[in-house]
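J.: Pasting query_24.txt below, which is compact mmCIF, C-alpha atoms.
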# COMPACT_ATOMS: atom_id res chain seq x y z
CA MET A 8 -6.88 22.72 -38.83
CA GLU A 9 -7.67 19.74 -36.59
CA ASP A 10 -5.25 18.64 -33.89
CA ASN A 11 -4.75 15.19 -35.37
CA LYS A 12 -3.89 16.57 -38.80
CA LEU A 13 -1.32 18.93 -37.29
CA VAL A 14 0.09 16.14 -35.12
CA ASP A 15 0.35 13.89 -38.15
CA GLN A 16 2.32 16.55 -40.03
CA ALA A 17 4.49 17.31 -37.01
CA GLN A 18 5.26 13.61 -36.66
CA LYS A 19 6.56 13.71 -40.23
CA GLY A 20 8.96 16.48 -39.22
CA ASP A 21 6.92 19.55 -40.22
CA ARG A 22 8.21 22.24 -37.84
CA GLU A 23 5.47 24.70 -38.87
CA ALA A 24 2.79 22.22 -37.84
CA PHE A 25 4.45 21.90 -34.45
CA GLU A 26 4.57 25.68 -34.18
CA LEU A 27 0.80 25.80 -34.71
CA ILE A 28 0.33 23.13 -32.02
CA VAL A 29 2.49 25.13 -29.59
CA LYS A 30 0.59 28.33 -30.31
CA ARG A 31 -2.71 26.53 -29.80
CA TYR A 32 -1.71 25.01 -26.45
CA GLU A 33 0.91 27.33 -24.94
CA GLN A 34 -1.61 29.29 -22.85
CA LYS A 35 -3.33 26.14 -21.57
CA VAL A 36 -0.09 24.41 -20.63
CA PHE A 37 1.28 27.59 -19.08
CA HIS A 38 -1.90 28.20 -17.04
CA LEU A 39 -1.89 24.62 -15.81
CA ALA A 40 1.72 24.99 -14.67
CA TYR A 41 0.99 28.40 -13.17
CA GLY A 42 -1.86 26.89 -11.14
CA PHE A 43 0.72 24.78 -9.34
CA VAL A 44 3.77 27.00 -9.05
CA GLN A 45 2.15 30.48 -8.91
CA ASP A 46 5.26 31.98 -10.42
CA ARG A 47 5.28 33.34 -13.95
CA ALA A 48 8.91 32.58 -14.79
CA ALA A 49 8.80 29.08 -13.27
CA ALA A 50 5.52 28.30 -15.05
CA ASP A 51 7.00 29.55 -18.33
CA ASP A 52 10.06 27.30 -17.87
CA LEU A 53 7.83 24.33 -17.11
CA ALA A 54 5.67 25.00 -20.17
CA GLN A 55 8.77 25.17 -22.39
CA GLU A 56 10.09 21.89 -20.98
CA VAL A 57 6.69 20.28 -21.53
CA PHE A 58 6.73 21.23 -25.22
CA ILE A 59 10.30 19.97 -25.60
CA LYS A 60 9.25 16.63 -24.08
CA ALA A 61 6.16 16.56 -26.28
CA TYR A 62 8.24 17.29 -29.40
CA PHE A 63 10.60 14.38 -28.78
CA SER A 64 7.76 12.08 -27.68
CA LEU A 65 5.60 12.93 -30.67
CA PRO A 66 6.60 9.77 -32.61
CA LYS A 67 5.20 7.75 -29.67
CA PHE A 68 1.79 9.44 -29.81
CA ARG A 69 -0.62 6.76 -31.08
CA TYR A 70 -3.94 8.67 -31.07
CA GLU A 71 -5.22 6.50 -28.19
CA SER A 72 -6.47 9.68 -26.50
CA GLY A 73 -7.00 13.22 -27.68
CA PHE A 74 -3.80 15.18 -28.30
CA GLY A 75 -4.81 17.72 -25.63
CA THR A 76 -5.26 15.00 -23.01
CA TRP A 77 -1.90 13.49 -23.95
CA LEU A 78 -0.22 16.90 -23.66
CA TYR A 79 -1.89 17.62 -20.30
CA ARG A 80 -0.71 14.23 -19.07
CA ILE A 81 2.87 15.15 -19.97
CA THR A 82 2.34 18.49 -18.23
CA VAL A 83 0.96 16.96 -15.05
CA ASN A 84 3.74 14.36 -14.90
CA HIS A 85 6.36 17.03 -15.48
CA ILE A 86 4.86 19.20 -12.74
CA LYS A 87 4.81 16.19 -10.37
CA ASP A 88 8.54 15.69 -11.01
CA PHE A 89 9.17 19.39 -10.51
CA LEU A 90 7.26 19.47 -7.22
CA ARG A 91 9.08 16.35 -6.03
CA LYS A 92 12.48 17.82 -6.88
CA THR A 93 11.82 21.19 -5.34
CA ALA A 94 10.09 19.62 -2.30
CA ARG A 95 7.54 22.36 -2.17
CA LYS A 96 5.37 20.46 0.28
CA LYS A 97 7.19 21.66 3.34
CA GLU A 98 5.11 23.15 6.13
CA VAL A 99 3.83 26.52 5.06
CA PRO A 100 4.17 29.34 7.62
CA LEU A 101 0.88 31.14 7.97
CA GLU A 102 1.63 33.24 11.04
CA GLU A 103 1.33 36.44 9.08
CA PHE A 104 -2.29 35.63 8.32
CA GLU A 105 -4.32 36.28 11.41
CA GLU A 106 -6.98 33.79 12.44
CA GLY A 107 -10.52 34.80 11.48
CA LEU A 108 -9.20 36.59 8.39
CA PHE A 109 -12.28 35.52 6.49
CA ALA A 110 -14.64 36.88 9.13
CA LEU A 111 -14.11 40.59 8.96
CA ASP A 112 -17.14 42.85 9.49
CA ASP A 113 -19.04 44.32 6.52
CA GLU A 114 -17.66 47.83 6.80
CA THR A 115 -14.04 46.73 6.81
CA ARG A 116 -14.81 44.29 4.04
CA LYS A 117 -16.15 47.05 1.82
CA LYS A 118 -13.10 49.20 2.43
CA GLU A 119 -10.56 46.57 1.81
CA GLU A 120 -12.46 44.21 -0.43
CA GLU A 121 -9.81 43.72 -3.05
CA GLN A 122 -7.06 43.50 -0.49
CA ILE A 123 -8.99 40.93 1.51
CA LYS A 124 -9.74 38.86 -1.58
CA GLU A 125 -6.06 38.78 -2.38
CA ARG A 126 -5.13 37.74 1.14
CA LYS A 127 -7.79 35.02 1.19
CA ARG A 128 -6.50 33.74 -2.10
CA LYS A 129 -2.95 33.61 -0.76
CA VAL A 130 -3.97 31.75 2.39
CA VAL A 131 -5.94 29.12 0.49
CA LEU A 132 -3.15 28.73 -2.00
CA ARG A 133 -0.46 28.29 0.62
CA VAL A 134 -2.54 25.74 2.49
CA LEU A 135 -3.19 23.98 -0.81
CA GLN A 136 0.54 23.83 -1.56
CA ALA A 137 1.16 22.12 1.77
CA LEU A 138 -1.25 19.28 0.95
CA PRO A 139 -0.05 15.86 -0.26
CA GLN A 140 0.69 16.01 -3.97
CA LYS A 141 -2.27 13.92 -5.15
CA TYR A 142 -4.74 16.22 -3.38
CA GLN A 143 -2.94 19.33 -4.55
CA MET A 144 -3.06 17.96 -8.08
CA ILE A 145 -6.77 17.19 -8.13
CA LEU A 146 -7.81 20.46 -6.47
CA THR A 147 -5.71 22.48 -8.89
CA LEU A 148 -7.14 20.67 -11.90
CA ARG A 149 -10.72 20.98 -10.68
CA ASP A 150 -10.98 24.23 -8.74
CA ILE A 151 -8.24 26.38 -10.23
CA ARG A 152 -8.19 25.15 -13.83
CA GLY A 153 -11.86 24.09 -13.98
CA PHE A 154 -11.31 20.65 -15.56
CA SER A 155 -14.38 18.39 -15.62
CA TYR A 156 -14.39 15.10 -13.69
CA ASN A 157 -13.93 13.17 -16.94
CA GLU A 158 -11.04 15.36 -18.10
CA ILE A 159 -9.31 14.86 -14.75
CA ALA A 160 -9.88 11.10 -15.01
CA ASP A 161 -8.28 11.07 -18.49
CA VAL A 162 -5.31 13.23 -17.55
CA LEU A 163 -4.53 11.42 -14.28
CA LYS A 164 -5.47 8.00 -15.70
CA ILE A 165 -7.89 7.24 -12.87
CA SER A 166 -11.60 6.39 -12.92
CA PRO A 167 -14.24 9.13 -12.57
CA GLY A 168 -15.28 7.43 -9.32
CA THR A 169 -11.76 7.87 -7.96
CA VAL A 170 -11.81 11.51 -9.07
CA ASP A 171 -15.03 11.99 -7.09
CA SER A 172 -13.75 10.35 -3.92
CA ARG A 173 -10.26 11.90 -4.08
CA LEU A 174 -11.71 15.36 -4.68
CA HIS A 175 -14.10 14.90 -1.77
CA ARG A 176 -11.24 13.87 0.51
CA ALA A 177 -8.98 16.69 -0.72
CA ARG A 178 -11.64 19.33 -0.04
CA LYS A 179 -12.31 17.92 3.42
CA ILE A 180 -8.60 18.07 4.29
CA LEU A 181 -8.27 21.58 2.86
CA ARG A 182 -11.29 22.79 4.84
CA LYS A 183 -9.94 21.24 8.02
CA LYS A 184 -6.66 23.13 7.60
CA MET A 185 -8.53 26.32 6.71
CA VAL A 186 -10.93 26.30 9.68
CA PRO A 187 -8.81 28.67 11.86
CA TYR A 188 -8.93 31.29 9.08
CA LEU A 189 -12.59 30.97 8.21
CA GLY A 190 -14.25 32.47 11.29
CA ALA A 191 -17.61 31.75 12.83
CA GLU A 192 -19.70 32.46 9.72
CA GLY A 193 -17.70 30.28 7.37
CA GLY A 194 -15.68 33.10 5.82
CA GLY A 195 -18.21 34.63 3.43
CA VAL A 196 -17.62 34.61 -0.30
CA MET B 211 -32.30 14.00 4.85
CA ARG B 212 -29.73 13.64 7.64
CA CYS B 213 -26.61 15.80 8.14
CA ARG B 214 -24.36 12.89 7.17
CA GLU B 215 -26.07 12.45 3.81
CA VAL B 216 -26.14 16.19 3.19
CA ARG B 217 -22.39 16.46 3.80
CA LYS B 218 -21.88 13.66 1.33
CA TRP B 219 -23.75 15.54 -1.40
CA LEU B 220 -22.64 19.04 -0.48
CA LEU B 221 -19.44 19.04 -2.51
CA ARG B 222 -21.13 17.57 -5.57
CA SER B 223 -23.69 20.32 -5.18
CA LEU B 224 -20.87 22.91 -5.28
CA ASP B 225 -19.66 21.36 -8.53
CA GLY B 226 -23.20 21.55 -9.95
CA ILE B 227 -23.29 17.84 -10.69
CA LEU B 228 -25.94 16.82 -8.18
CA ASP B 229 -29.27 15.69 -9.59
CA PRO B 230 -32.13 18.17 -9.02
CA SER B 231 -34.07 16.05 -6.50
CA ARG B 232 -31.02 15.68 -4.24
CA GLU B 233 -30.14 19.32 -4.74
CA LYS B 234 -33.55 20.32 -3.45
CA ALA B 235 -33.25 17.96 -0.48
CA VAL B 236 -29.85 19.47 0.39
CA ASP B 237 -31.27 23.01 0.12
CA ASP B 238 -34.25 22.12 2.31
CA HIS B 239 -31.98 20.63 4.95
CA ILE B 240 -29.60 23.58 4.94
CA LYS B 241 -32.44 26.03 5.57
CA LEU B 242 -33.07 24.24 8.84
CA CYS B 243 -29.56 23.14 9.92
CA SER B 244 -27.10 25.88 10.89
CA ARG B 245 -24.11 23.49 11.09
CA CYS B 246 -24.54 22.25 7.55
CA ARG B 247 -25.18 25.82 6.40
CA LYS B 248 -21.88 26.92 7.93
CA LEU B 249 -20.12 23.95 6.37
CA ARG B 250 -21.46 24.85 2.91
CA GLN B 251 -20.36 28.44 3.41
CA GLU B 252 -16.85 27.29 4.32
CA TYR B 253 -16.60 25.08 1.26
CA ARG B 254 -17.92 27.88 -0.93
CA THR B 255 -15.42 30.36 0.45
CA ILE B 256 -12.51 28.00 -0.13
CA THR B 257 -13.64 26.92 -3.59
CA HIS B 258 -14.34 30.50 -4.71
CA SER B 259 -10.92 31.63 -3.44
CA LEU B 260 -9.29 28.90 -5.49
CA ARG B 261 -11.34 29.71 -8.58
CA ARG B 262 -10.41 33.37 -8.24
CA GLN B 263 -6.72 32.74 -8.94
CA PRO B 264 -5.51 35.36 -11.44
CA ASP B 265 -4.13 34.08 -14.70
CA ALA B 266 -0.70 35.27 -15.70
CA GLU B 267 0.52 35.17 -19.29
CA PRO B 268 3.55 33.26 -20.60
CA LEU B 269 6.68 35.33 -21.05
CA PRO B 270 7.00 37.00 -24.48
CA HIS B 271 8.28 35.17 -27.59
CA PHE B 272 7.33 31.74 -26.29
CA TRP B 273 7.69 29.97 -29.64
CA GLU B 274 10.96 31.70 -30.60
CA ARG B 275 12.56 30.71 -27.30
CA LEU B 276 11.21 27.18 -27.62
CA GLN B 277 12.47 26.88 -31.18
CA SER B 278 16.05 27.73 -30.23
CA LYS B 279 15.89 25.22 -27.34
CA LEU B 280 14.62 22.55 -29.73
CA LYS B 281 17.50 23.23 -32.12
CA ASP B 282 20.00 22.93 -29.26
CA ARG B 283 18.46 19.68 -28.07
CA GLU B 284 18.45 18.25 -31.59
CA ARG B 285 22.16 19.00 -31.87
CA GLN B 286 22.80 17.31 -28.53
CA GLU B 287 20.55 14.38 -29.30
CA PRO B 288 23.12 12.10 -31.10
CA GLU B 289 25.58 12.65 -28.23
CA ALA B 290 22.84 11.93 -25.71
CA ILE B 291 21.94 8.69 -27.51
CA TRP B 292 25.62 7.64 -27.60
CA LEU B 293 25.99 8.42 -23.88
CA LYS B 294 22.77 6.54 -23.08
CA TRP B 295 24.04 3.43 -24.91
CA CYS B 296 27.42 3.67 -23.20
CA LEU B 297 25.73 3.81 -19.82
CA ARG B 298 23.63 0.79 -20.73
CA ALA B 299 26.70 -1.10 -21.99
CA ILE B 300 28.53 -0.81 -18.63
CA PRO B 301 26.30 -3.21 -16.63
CA VAL B 302 26.07 -5.62 -19.58
CA SER B 303 29.89 -5.70 -19.85
CA LEU B 304 30.24 -6.27 -16.11
CA ILE B 305 27.83 -9.21 -16.27
CA LEU B 306 29.73 -10.75 -19.20
CA ILE B 307 33.09 -10.32 -17.44
CA GLY B 308 31.68 -11.89 -14.27
CA PHE B 309 30.31 -14.81 -16.26
CA PHE B 310 33.68 -15.32 -18.00
CA ILE B 311 35.60 -15.23 -14.69
CA GLY B 312 33.11 -17.65 -13.15
CA ALA B 313 33.44 -20.04 -16.07
CA ILE B 314 37.24 -20.05 -15.73
CA ALA B 315 37.06 -20.59 -11.97
CA PHE B 316 34.65 -23.52 -12.18
CA TRP B 317 36.16 -25.25 -15.22
CA ASN B 318 38.20 -28.32 -14.15
CA PRO B 319 40.68 -29.37 -16.85
CA SER B 320 42.06 -32.30 -14.74
CA GLY B 321 38.80 -34.22 -14.83
CA GLU B 322 39.83 -36.56 -17.71
CA GLU B 323 37.51 -39.29 -18.71
CA GLU B 324 39.05 -42.70 -18.19
CA MET B 325 39.27 -44.99 -21.19
CA SER B 326 38.96 -48.71 -21.74
CA GLN B 327 42.01 -50.66 -22.95
CA PRO B 328 40.86 -50.89 -26.57
CA GLU B 329 40.02 -47.16 -26.51
CA ALA B 330 43.49 -46.39 -25.16
CA LEU B 331 45.08 -48.51 -27.83
CA LEU B 332 43.04 -46.84 -30.51
CA LEU B 333 44.06 -43.45 -29.17
CA ARG B 334 47.70 -44.47 -29.45
CA ASN B 335 46.93 -45.50 -32.99
CA ALA B 336 47.62 -49.10 -32.12
CA ASN B 337 45.45 -51.83 -33.50
CA PRO B 338 44.83 -54.40 -30.73
CA ILE B 339 44.21 -57.17 -33.26
CA ALA B 340 47.43 -56.38 -35.11
CA GLU B 341 49.32 -56.43 -31.81
CA THR B 342 47.96 -59.83 -30.72
CA LYS B 343 48.61 -61.14 -34.20
CA THR B 344 52.34 -60.55 -33.64
CA PHE B 345 52.11 -62.65 -30.46
CA PHE B 346 50.83 -65.65 -32.37
CA GLU B 347 53.31 -65.18 -35.15
CA GLU B 348 56.11 -65.67 -32.62
CA GLU B 349 57.32 -69.20 -32.97
CA LYS B 350 58.95 -69.65 -29.61
CA LEU B 351 56.46 -70.33 -26.84
CA GLU B 352 58.73 -68.69 -24.28
CA ASN B 353 58.95 -65.42 -26.23
CA ARG B 354 55.23 -65.47 -26.91
CA ASN B 355 54.49 -65.76 -23.17
CA MET B 356 56.90 -62.95 -22.35
CA MET B 357 55.25 -60.67 -24.91
CA ILE B 358 51.83 -61.31 -23.41
CA ILE B 359 53.14 -60.65 -19.87
CA PHE B 360 54.81 -57.34 -20.83
CA THR B 361 51.81 -56.12 -22.82
CA GLY B 362 49.61 -56.72 -19.75
CA ASP B 363 51.98 -54.56 -17.66
CA GLU B 364 51.50 -51.52 -19.88
CA LYS B 365 49.86 -48.70 -17.97
CA VAL B 366 46.33 -48.16 -19.11
CA PRO B 367 43.91 -46.22 -16.83
CA ASP B 368 41.54 -48.53 -14.97
CA ARG B 369 37.99 -48.73 -16.12
CA ARG B 370 35.60 -48.01 -13.34
Could you write out this structure as structure tokens?

T.:
Amino acid sequence: MEDNKLVDQAQKGDREAFELIVKRYEQKVFHLAYGFVQDRAAADDLAQEVFIKAYFSLPKFRYESGFGTWLYRITVNHIKDFLRKTARKKEVPLEEFEEGLFALDDETRKKEEEQIKERKRKVVLRVLQALPQKYQMILTLRDIRGFSYNEIADVLKISPGTVDSRLHRARKILRKKMVPYLGAEGGGV
Amino acid sequence: MRCREVRKWLLRSLDGILDPSREKAVDDHIKLCSRCRKLRQEYRTITHSLRRQPDAEPLPHFWERLQSKLKDRERQEPEAIWLKWCLRAIPVSLILIGFFIGAIAFWNPSGEEEMSQPEALLLRNANPIAETKTFFEEEKLENRNMMIIFTGDEKVPDRR
């Protein structure tokens, strides 16, 4: 059944229609939250709160955008509030990650490939979490969740041009902070 | 193509949204420029690390847990609405009380409007014509004069 039909029924108080909406979107909302908090329980809590907000805001949904976009907007705003309250943007200690982590020789890389990948991922993520919220937001939507430029523009209510420039700036800042960990050859993929 | 231009298009190239002619120009430049090549490698490493984030799953029984929370919230909702209105009523009440106190403080009951003599007579329910009529009905000139003099002495607020 189409989203709009389900939403229409849910707006009329049909709990089963809302259940179908939740089941359709729970993974997406959860993954979006997880992209920011990187903690299963916290992401699950956030996703539940998002659906509670959506349920009580459903009468205000006027079909001006797609239901998915509207729900993602609630999710992003809720995550922004959460990040603000928990003040996660404090300086991230990276001492345990040695400089040049991304520049290990081929032999070592083969031996510890999975381990290295995991460590790289953690470094990037921790640097990302220390960025200003708007850059963290756009990088998570684009690079972690794989949203298109237009989807990001709809969810964040900004123009595609702003998405382009903000993403460019965010990646530049992230690279600058990552330089000590990338090594002489740029880190390898 | 210069390094500056290449760096501008590099990130769009990583997103696969660069038009083919520019893409080729970027590739051609990168083959010759080690600095831009390194820069592209750095961006690729970072972007691939971000895209490699593992996906966790929501905790079990997502809908069942949500459903019980919704029921709880629905039960609390009338109380929440009542509380919300009470909180809104507090500043409104304070404004009204302030306005009332201000009105009392600035209201001056002593500022009476002064009246003309006929108005004063009318207020006392006295007909000025009827009063003067009694003067002329008095036969004695002496009494008539006295009546006029004493009527003129009656205190009536001055007209300004």

J.: Sort by chain and increasing residue number a table of all residues of chain B within 6 Å of chain A, each with its closest pair of atoms and their distance in Å to one decimal, counting all atoms listed in the file, and write it as a Markdown table.

T.:
| residue | atom | partner | partner_atom | distance |
| --- | --- | --- | --- | --- |
| B:Lys248 | CA | A:Gly193 | CA | 5.4 |
| B:Gln251 | CA | A:Gly193 | CA | 5.1 |
| B:Glu252 | CA | A:Gly193 | CA | 4.4 |
| B:Thr255 | CA | A:Val196 | CA | 4.8 |
| B:Ser259 | CA | A:Arg128 | CA | 5.1 |
| B:Leu260 | CA | A:Ile151 | CA | 5.5 |
| B:Arg261 | CA | A:Ile151 | CA | 4.8 |
| B:Pro268 | CA | A:Asp51 | CA | 5.6 |

J.: Distance CA of Arg217 in chain B-CA of Arg250 in chain B, one decimal place?

T.: 8.5 Å

J.: As a list in words, please: the residues near Val216 in chain B (cut-off 10 Å, all atoms listed in the file, same-chain neighbours under 6 positions excluded).

T.: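 What passes the distance filter is Ser223, Arg232, Glu233, Ala235, Val236, Asp237, His239, Ile240, Cys246 and Arg250 of chain B.
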
J.: Could you write range 29-58 of chain A as a PDB file, keeping the file's coordinate frame, with N, CA and C atoms rebuilt where they are missing?

T.:
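And here's rebuild.pdb as it stands now:
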ATOM      1  N   VAL A  29       1.983  24.384 -30.755  1.00  0.00           N
ATOM      2  CA  VAL A  29       2.490  25.130 -29.590  1.00  0.00           C
ATOM      3  C   VAL A  29       1.633  26.372 -29.373  1.00  0.00           C
ATOM      4  N   LYS A  30       1.368  27.100 -30.451  1.00  0.00           N
ATOM      5  CA  LYS A  30       0.590  28.330 -30.310  1.00  0.00           C
ATOM      6  C   LYS A  30      -0.835  28.046 -29.831  1.00  0.00           C
ATOM      7  N   ARG A  31      -1.355  26.891 -30.226  1.00  0.00           N
ATOM      8  CA  ARG A  31      -2.710  26.530 -29.800  1.00  0.00           C
ATOM      9  C   ARG A  31      -2.747  26.159 -28.316  1.00  0.00           C
ATOM     10  N   TYR A  32      -1.673  25.548 -27.817  1.00  0.00           N
ATOM     11  CA  TYR A  32      -1.710  25.010 -26.450  1.00  0.00           C
ATOM     12  C   TYR A  32      -0.832  25.747 -25.437  1.00  0.00           C
ATOM     13  N   GLU A  33      -0.049  26.726 -25.881  1.00  0.00           N
ATOM     14  CA  GLU A  33       0.910  27.330 -24.940  1.00  0.00           C
ATOM     15  C   GLU A  33       0.225  27.963 -23.727  1.00  0.00           C
ATOM     16  N   GLN A  34      -0.886  28.638 -23.956  1.00  0.00           N
ATOM     17  CA  GLN A  34      -1.610  29.290 -22.850  1.00  0.00           C
ATOM     18  C   GLN A  34      -2.127  28.236 -21.867  1.00  0.00           C
ATOM     19  N   LYS A  35      -2.723  27.175 -22.425  1.00  0.00           N
ATOM     20  CA  LYS A  35      -3.330  26.140 -21.570  1.00  0.00           C
ATOM     21  C   LYS A  35      -2.266  25.438 -20.715  1.00  0.00           C
ATOM     22  N   VAL A  36      -1.166  25.097 -21.365  1.00  0.00           N
ATOM     23  CA  VAL A  36      -0.090  24.410 -20.630  1.00  0.00           C
ATOM     24  C   VAL A  36       0.510  25.363 -19.587  1.00  0.00           C
ATOM     25  N   PHE A  37       0.709  26.607 -19.993  1.00  0.00           N
ATOM     26  CA  PHE A  37       1.280  27.590 -19.080  1.00  0.00           C
ATOM     27  C   PHE A  37       0.343  27.791 -17.872  1.00  0.00           C
ATOM     28  N   HIS A  38      -0.953  27.971 -18.140  1.00  0.00           N
ATOM     29  CA  HIS A  38      -1.900  28.200 -17.040  1.00  0.00           C
ATOM     30  C   HIS A  38      -1.967  27.012 -16.088  1.00  0.00           C
ATOM     31  N   LEU A  39      -1.882  25.820 -16.654  1.00  0.00           N
ATOM     32  CA  LEU A  39      -1.890  24.620 -15.810  1.00  0.00           C
ATOM     33  C   LEU A  39      -0.665  24.623 -14.892  1.00  0.00           C
ATOM     34  N   ALA A  40       0.485  24.931 -15.468  1.00  0.00           N
ATOM     35  CA  ALA A  40       1.720  24.990 -14.670  1.00  0.00           C
ATOM     36  C   ALA A  40       1.631  26.115 -13.636  1.00  0.00           C
ATOM     37  N   TYR A  41       1.087  27.238 -14.073  1.00  0.00           N
ATOM     38  CA  TYR A  41       0.990  28.400 -13.170  1.00  0.00           C
ATOM     39  C   TYR A  41       0.091  28.086 -11.971  1.00  0.00           C
ATOM     40  N   GLY A  42      -0.956  27.296 -12.217  1.00  0.00           N
ATOM     41  CA  GLY A  42      -1.860  26.890 -11.140  1.00  0.00           C
ATOM     42  C   GLY A  42      -1.117  26.185 -10.018  1.00  0.00           C
ATOM     43  N   PHE A  43      -0.036  25.520 -10.355  1.00  0.00           N
ATOM     44  CA  PHE A  43       0.720  24.780  -9.340  1.00  0.00           C
ATOM     45  C   PHE A  43       1.844  25.618  -8.727  1.00  0.00           C
ATOM     46  N   VAL A  44       2.564  26.334  -9.581  1.00  0.00           N
ATOM     47  CA  VAL A  44       3.770  27.000  -9.050  1.00  0.00           C
ATOM     48  C   VAL A  44       3.548  28.463  -8.668  1.00  0.00           C
ATOM     49  N   GLN A  45       2.483  29.073  -9.227  1.00  0.00           N
ATOM     50  CA  GLN A  45       2.150  30.480  -8.910  1.00  0.00           C
ATOM     51  C   GLN A  45       3.330  31.420  -9.113  1.00  0.00           C
ATOM     52  N   ASP A  46       4.111  31.131 -10.116  1.00  0.00           N
ATOM     53  CA  ASP A  46       5.260  31.980 -10.420  1.00  0.00           C
ATOM     54  C   ASP A  46       5.404  32.007 -11.939  1.00  0.00           C
ATOM     55  N   ARG A  47       5.359  33.214 -12.496  1.00  0.00           N
ATOM     56  CA  ARG A  47       5.280  33.340 -13.950  1.00  0.00           C
ATOM     57  C   ARG A  47       6.502  32.730 -14.649  1.00  0.00           C
ATOM     58  N   ALA A  48       7.687  33.063 -14.136  1.00  0.00           N
ATOM     59  CA  ALA A  48       8.910  32.580 -14.790  1.00  0.00           C
ATOM     60  C   ALA A  48       9.030  31.059 -14.679  1.00  0.00           C
ATOM     61  N   ALA A  49       8.705  30.545 -13.474  1.00  0.00           N
ATOM     62  CA  ALA A  49       8.800  29.080 -13.270  1.00  0.00           C
ATOM     63  C   ALA A  49       7.771  28.361 -14.145  1.00  0.00           C
ATOM     64  N   ALA A  50       6.566  28.912 -14.234  1.00  0.00           N
ATOM     65  CA  ALA A  50       5.520  28.300 -15.050  1.00  0.00           C
ATOM     66  C   ALA A  50       5.912  28.325 -16.527  1.00  0.00           C
ATOM     67  N   ASP A  51       6.539  29.421 -16.947  1.00  0.00           N
ATOM     68  CA  ASP A  51       7.000  29.550 -18.330  1.00  0.00           C
ATOM     69  C   ASP A  51       8.072  28.495 -18.641  1.00  0.00           C
ATOM     70  N   ASP A  52       9.006  28.330 -17.713  1.00  0.00           N
ATOM     71  CA  ASP A  52      10.060  27.300 -17.870  1.00  0.00           C
ATOM     72  C   ASP A  52       9.436  25.918 -17.991  1.00  0.00           C
ATOM     73  N   LEU A  53       8.475  25.642 -17.095  1.00  0.00           N
ATOM     74  CA  LEU A  53       7.830  24.330 -17.110  1.00  0.00           C
ATOM     75  C   LEU A  53       7.107  24.095 -18.441  1.00  0.00           C
ATOM     76  N   ALA A  54       6.412  25.130 -18.912  1.00  0.00           N
ATOM     77  CA  ALA A  54       5.670  25.000 -20.170  1.00  0.00           C
ATOM     78  C   ALA A  54       6.641  24.719 -21.333  1.00  0.00           C
ATOM     79  N   GLN A  55       7.784  25.405 -21.338  1.00  0.00           N
ATOM     80  CA  GLN A  55       8.770  25.170 -22.390  1.00  0.00           C
ATOM     81  C   GLN A  55       9.291  23.732 -22.346  1.00  0.00           C
ATOM     82  N   GLU A  56       9.584  23.264 -21.134  1.00  0.00           N
ATOM     83  CA  GLU A  56      10.090  21.890 -20.980  1.00  0.00           C
ATOM     84  C   GLU A  56       9.035  20.868 -21.417  1.00  0.00           C
ATOM     85  N   VAL A  57       7.773  21.171 -21.124  1.00  0.00           N
ATOM     86  CA  VAL A  57       6.690  20.280 -21.530  1.00  0.00           C
ATOM     87  C   VAL A  57       6.640  20.155 -23.054  1.00  0.00           C
ATOM     88  N   PHE A  58       6.771  21.285 -23.759  1.00  0.00           N
ATOM     89  CA  PHE A  58       6.730  21.230 -25.220  1.00  0.00           C
ATOM     90  C   PHE A  58       7.967  20.547 -25.805  1.00  0.00           C
TER      91      PHE A  58
END
